[in-house]
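Content type mmCIF, C-alpha atoms, from the file model-v4.cif:
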data_model
loop_
_atom_site.label_atom_id
_atom_site.label_comp_id
_atom_site.auth_asym_id
_atom_site.auth_seq_id
_atom_site.Cartn_x
_atom_site.Cartn_y
_atom_site.Cartn_z
CA MET P 1359 145.54 124.08 54.82
CA GLY P 1360 142.03 124.89 53.65
CA LEU P 1361 141.52 127.75 51.23
CA ALA P 1362 138.63 129.12 53.31
CA ARG P 1363 140.80 129.37 56.40
CA SER P 1364 143.53 131.10 54.44
CA VAL P 1365 141.15 133.70 53.10
CA CYS P 1366 139.70 134.42 56.55
CA GLU P 1367 143.22 135.09 57.75
CA SER P 1368 143.77 137.29 54.67
CA ARG P 1369 146.74 135.25 53.48
CA GLU P 1370 147.37 132.67 50.80
CA ASP P 1371 150.10 130.09 51.25
CA LEU P 1372 151.15 128.20 48.13
CA ALA P 1373 154.71 127.47 49.23
CA GLU P 1374 156.47 124.32 48.09
CA CYS P 1375 153.78 123.28 45.58
CA LYS P 1376 156.15 122.89 42.60
CA LEU P 1377 154.22 125.64 40.81
CA VAL P 1378 155.63 126.89 37.52
CA SER P 1379 152.95 129.59 37.29
CA PHE P 1380 150.24 131.06 39.49
CA PRO P 1381 147.16 128.80 39.18
CA ILE P 1382 144.52 130.54 37.04
CA GLY P 1383 141.73 128.82 38.96
CA ILE P 1384 142.74 130.67 42.10
CA TYR P 1385 141.86 133.99 40.47
CA LYS P 1386 138.31 132.70 40.04
CA VAL P 1387 138.07 131.24 43.55
CA LEU P 1388 139.35 134.42 45.19
CA ARG P 1389 137.76 136.94 42.83
CA ASN P 1390 135.39 138.39 45.49
CA VAL P 1391 137.95 138.58 48.30
CA THR P 1392 141.17 139.71 46.61
CA ASP P 1393 141.04 143.05 48.43
CA GLN P 1394 141.20 141.18 51.75
CA ILE P 1395 144.35 139.19 50.92
CA HIS P 1396 147.40 140.90 52.43
CA LEU P 1397 150.00 138.10 52.27
CA ILE P 1398 150.76 135.61 49.52
CA THR P 1399 153.50 133.03 49.92
CA LEU P 1400 154.77 131.35 46.76
CA ALA P 1401 158.14 130.40 48.24
CA ASN P 1402 160.19 127.42 47.06
CA ASN P 1403 158.30 126.73 43.87
CA GLU P 1404 159.54 126.74 40.27
CA LEU P 1405 158.16 130.10 39.16
CA LYS P 1406 160.01 131.74 36.28
CA SER P 1407 157.75 134.79 36.12
CA LEU P 1408 154.68 136.46 37.53
CA THR P 1409 152.03 137.96 35.28
CA SER P 1410 150.75 141.51 35.24
CA LYS P 1411 147.32 140.03 36.12
CA PHE P 1412 148.76 138.68 39.38
CA MET P 1413 150.03 142.14 40.36
CA THR P 1414 146.83 144.00 39.45
CA THR P 1415 144.51 141.36 40.97
CA PHE P 1416 146.26 141.32 44.36
CA CYS P 1417 146.94 145.07 44.58
CA GLN P 1418 146.08 145.13 48.32
CA LEU P 1419 149.04 142.91 49.20
CA GLN P 1420 151.19 144.04 52.10
CA GLU P 1421 153.66 141.13 51.95
CA LEU P 1422 154.79 138.96 49.04
CA ARG P 1423 157.07 135.98 49.66
CA LEU P 1424 158.68 134.66 46.49
CA GLU P 1425 161.96 133.28 47.79
CA GLY P 1426 163.46 130.12 46.28
CA ASN P 1427 162.08 130.37 42.72
CA PHE P 1428 163.57 131.00 39.27
CA LEU P 1429 162.46 134.62 38.91
CA HIS P 1430 164.73 136.99 37.03
CA CYS P 1431 162.43 140.01 36.60
CA LEU P 1432 159.13 141.47 37.77
CA PRO P 1433 156.36 142.83 35.54
CA ASN P 1434 155.98 146.62 35.38
CA GLU P 1435 152.57 146.20 36.99
CA VAL P 1436 154.32 145.56 40.32
CA SER P 1437 153.75 149.33 40.63
CA ALA P 1438 150.08 148.45 41.39
CA LEU P 1439 151.20 147.11 44.79
CA GLN P 1440 150.90 150.49 46.49
CA HIS P 1441 150.33 148.90 49.94
CA LEU P 1442 153.24 146.43 49.78
CA LYS P 1443 155.45 146.66 52.87
CA ALA P 1444 157.71 143.62 52.41
CA ILE P 1445 158.90 141.54 49.49
CA ASP P 1446 161.17 138.50 49.68
CA LEU P 1447 162.93 137.70 46.40
CA SER P 1448 165.88 135.85 47.94
CA ARG P 1449 167.31 132.77 46.23
CA ASN P 1450 166.06 133.66 42.74
CA GLN P 1451 167.90 134.51 39.52
CA PHE P 1452 167.86 138.31 39.37
CA HIS P 1453 170.84 139.75 37.50
CA ASP P 1454 169.37 143.26 37.52
CA PHE P 1455 167.88 145.00 40.52
CA PRO P 1456 164.07 145.10 40.02
CA GLU P 1457 163.82 148.90 39.79
CA GLN P 1458 160.01 148.84 39.73
CA LEU P 1459 160.26 148.28 43.50
CA THR P 1460 161.62 151.79 43.94
CA THR P 1461 158.20 153.21 42.95
CA LEU P 1462 156.35 151.56 45.86
CA PRO P 1463 155.65 154.17 48.57
CA ALA P 1464 154.89 151.79 51.46
CA LEU P 1465 157.77 149.33 50.86
CA GLU P 1466 159.81 148.89 54.04
CA THR P 1467 161.75 145.67 53.48
CA ILE P 1468 163.35 144.18 50.36
CA ASN P 1469 165.15 140.83 50.50
CA LEU P 1470 167.26 140.03 47.44
CA GLU P 1471 169.78 137.77 49.18
CA GLU P 1472 171.45 135.11 47.00
CA ASN P 1473 170.80 136.50 43.53
CA GLU P 1474 173.26 137.65 40.85
CA ILE P 1475 172.83 141.40 41.22
CA VAL P 1476 175.85 143.54 40.37
CA ASP P 1477 174.44 147.07 40.31
CA VAL P 1478 171.87 148.76 42.56
CA PRO P 1479 170.02 152.06 41.96
CA VAL P 1480 171.29 153.59 45.20
CA GLU P 1481 169.89 157.07 44.54
CA LYS P 1482 166.38 155.69 43.86
CA LEU P 1483 166.54 153.53 46.97
CA ALA P 1484 167.68 156.49 49.05
CA ALA P 1485 164.60 158.42 47.87
CA MET P 1486 162.13 155.72 48.97
CA PRO P 1487 160.08 157.18 51.83
CA ALA P 1488 159.36 154.04 53.88
CA LEU P 1489 162.37 151.80 53.15
CA ARG P 1490 164.00 150.52 56.33
CA SER P 1491 165.97 147.48 55.21
CA ILE P 1492 167.37 145.89 52.08
CA ASN P 1493 169.22 142.58 52.11
CA LEU P 1494 171.74 142.18 49.28
CA ARG P 1495 173.96 139.56 50.91
CA PHE P 1496 175.51 136.99 48.61
CA ASN P 1497 175.19 139.08 45.45
CA PRO P 1498 178.26 139.98 43.34
CA LEU P 1499 177.79 143.73 43.95
CA ASN P 1500 180.23 145.98 42.16
CA ALA P 1501 182.70 148.10 44.11
CA GLU P 1502 180.91 151.34 43.20
CA VAL P 1503 177.73 150.24 45.02
CA ARG P 1504 179.80 149.37 48.09
CA VAL P 1505 181.40 152.84 48.09
CA ILE P 1506 178.49 155.15 47.19
CA ALA P 1507 175.69 153.42 49.12
CA PRO P 1508 176.72 153.94 52.77
CA PRO P 1509 176.77 157.76 52.81
CA LEU P 1510 173.53 158.08 50.79
CA ILE P 1511 171.22 155.71 52.62
CA LYS P 1512 169.30 156.09 55.85
CA PHE P 1513 168.23 152.46 56.11
CA ASP P 1514 169.92 149.13 56.80
CA MET P 1515 171.68 147.74 53.72
CA LEU P 1516 173.05 144.28 54.31
CA MET P 1517 175.95 143.26 52.08
CA SER P 1518 178.40 140.38 52.29
CA PRO P 1519 182.11 141.13 52.28
CA GLU P 1520 183.39 141.33 48.72
CA GLY P 1521 183.99 137.91 47.19
CA THR P 1522 181.89 136.04 49.77
CA ARG P 1523 179.89 133.12 48.39
CA ALA P 1524 176.55 131.90 49.60
CA PRO P 1525 176.60 128.83 51.82
CA GLN P 1526 175.86 125.70 49.81
CA PRO P 1527 172.86 123.66 50.98
#
Would you write out, as structure tokens, the structure that this file holds?
Amino acid sequence: MGLARSVCESREDLAECKLVSFPIGIYKVLRNVTDQIHLITLANNELKSLTSKFMTTFCQLQELRLEGNFLHCLPNEVSALQHLKAIDLSRNQFHDFPEQLTTLPALETINLEENEIVDVPVEKLAAMPALRSINLRFNPLNAEVRVIAPPLIKFDMLMSPEGTRAPQP
């Protein structure tokens, strides 16, 4: 897929490129059009982290697909993504819920399926104005989350039955 075509469509697809970090050269190539990029796909790479520069450079993003990496946290600068509507962090290595996401006013969908998350900031999630769906299936959620979440939330919260394991590929 040509970079020019991707930019015209306001999306950047770098899925399955075996990336261990976001290519610095892409910042230079896209420097004049970053405000037009609304979707970046970095799925199924080998990313262990994203930099604060990534978050502040692509602050117009509406969708960020990061599933199938080795991420375990997000930089605080994720708060720059004020237009983000959907984020896919499934099949990563999060042990803690990335609480920075709760500060994003436009966020509608969070996918954290198949991570290692035990605790979830239910009250903060319940206060998110646009949130419609959060997928926490195949996470070892503690019993407290399972009990306190349902009465507090007004969105879809997907959870696996307690003790359920993710299907092995």
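Residues with any atom within 7 Å of Leu1424 of chain P, counting all atoms listed in the file and excluding same-chain neighbours fewer than 2 positions away, are Thr1399, Leu1400, Ala1401, Leu1422, Gly1426, Asn1427, Asp1446 and Leu1447 of chain P.
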Two-atom distance - atom CA of Lys1376 of chain P, atom CA of Leu1429 of chain P (Å): 13.8 Å
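Here the PyMOL selection byres ((chain P and resi 1479) around 10) captures the residues Asp1454, Phe1455, Pro1456, Glu1457, Thr1460, Asp1477, Val1478, Val1480, Glu1481, Lys1482, Leu1483, Ala1484, Val1503 and Ala1507 of chain P.
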Saved selection, atoms kept: C-alpha atoms, as an mmCIF file, in the frame of the given file:
data_model
loop_
_atom_site.group_PDB
_atom_site.id
_atom_site.type_symbol
_atom_site.label_atom_id
_atom_site.label_comp_id
_atom_site.auth_asym_id
_atom_site.auth_seq_id
_atom_site.Cartn_x
_atom_site.Cartn_y
_atom_site.Cartn_z
ATOM 1 C CA ASP P 1454 169.370 143.260 37.520
ATOM 2 C CA PHE P 1455 167.880 145.000 40.520
ATOM 3 C CA PRO P 1456 164.070 145.100 40.020
ATOM 4 C CA GLU P 1457 163.820 148.900 39.790
ATOM 5 C CA THR P 1460 161.620 151.790 43.940
ATOM 6 C CA ASP P 1477 174.440 147.070 40.310
ATOM 7 C CA VAL P 1478 171.870 148.760 42.560
ATOM 8 C CA VAL P 1480 171.290 153.590 45.200
ATOM 9 C CA GLU P 1481 169.890 157.070 44.540
ATOM 10 C CA LYS P 1482 166.380 155.690 43.860
ATOM 11 C CA LEU P 1483 166.540 153.530 46.970
ATOM 12 C CA ALA P 1484 167.680 156.490 49.050
ATOM 13 C CA VAL P 1503 177.730 150.240 45.020
ATOM 14 C CA ALA P 1507 175.690 153.420 49.120
#
All residues 12 Å or closer to Ile1382 of chain P, all atoms listed in the file, same chain fewer than 3 positions away omitted, as an MDAnalysis selection string: chainID P and resid 1377:1379 1385:1389 1408:1409 1411:1412 1415
Box for segment 1466-1471 of chain P - axis-aligned, 8 Å on each of the six sides, all listed atoms - centre and size in Å to one decimal, as AutoDock Vina command-line options.
--center_x 164.8 --center_y 143.3 --center_z 50.7 --size_x 26.0 --size_y 27.1 --size_z 22.6
Ground truth for the PyMOL selection byres ((chain P and resi 1406) around 6), written as a list in words: Leu1405, Ser1407, Phe1428 and Leu1429 of chain P
Cut-off 12 Å around (160.5, 140.9, 51.8) with all atoms listed in the file: residues as a PyMOL selection string: chain P and resi 1397-1399+1401+1419-1425+1442-1449+1459+1465-1471+1489-1494
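From atom CA of Ala1488 of chain P back to atom CA of Pro1508 of chain P, the distance works out to 17.4 Å.
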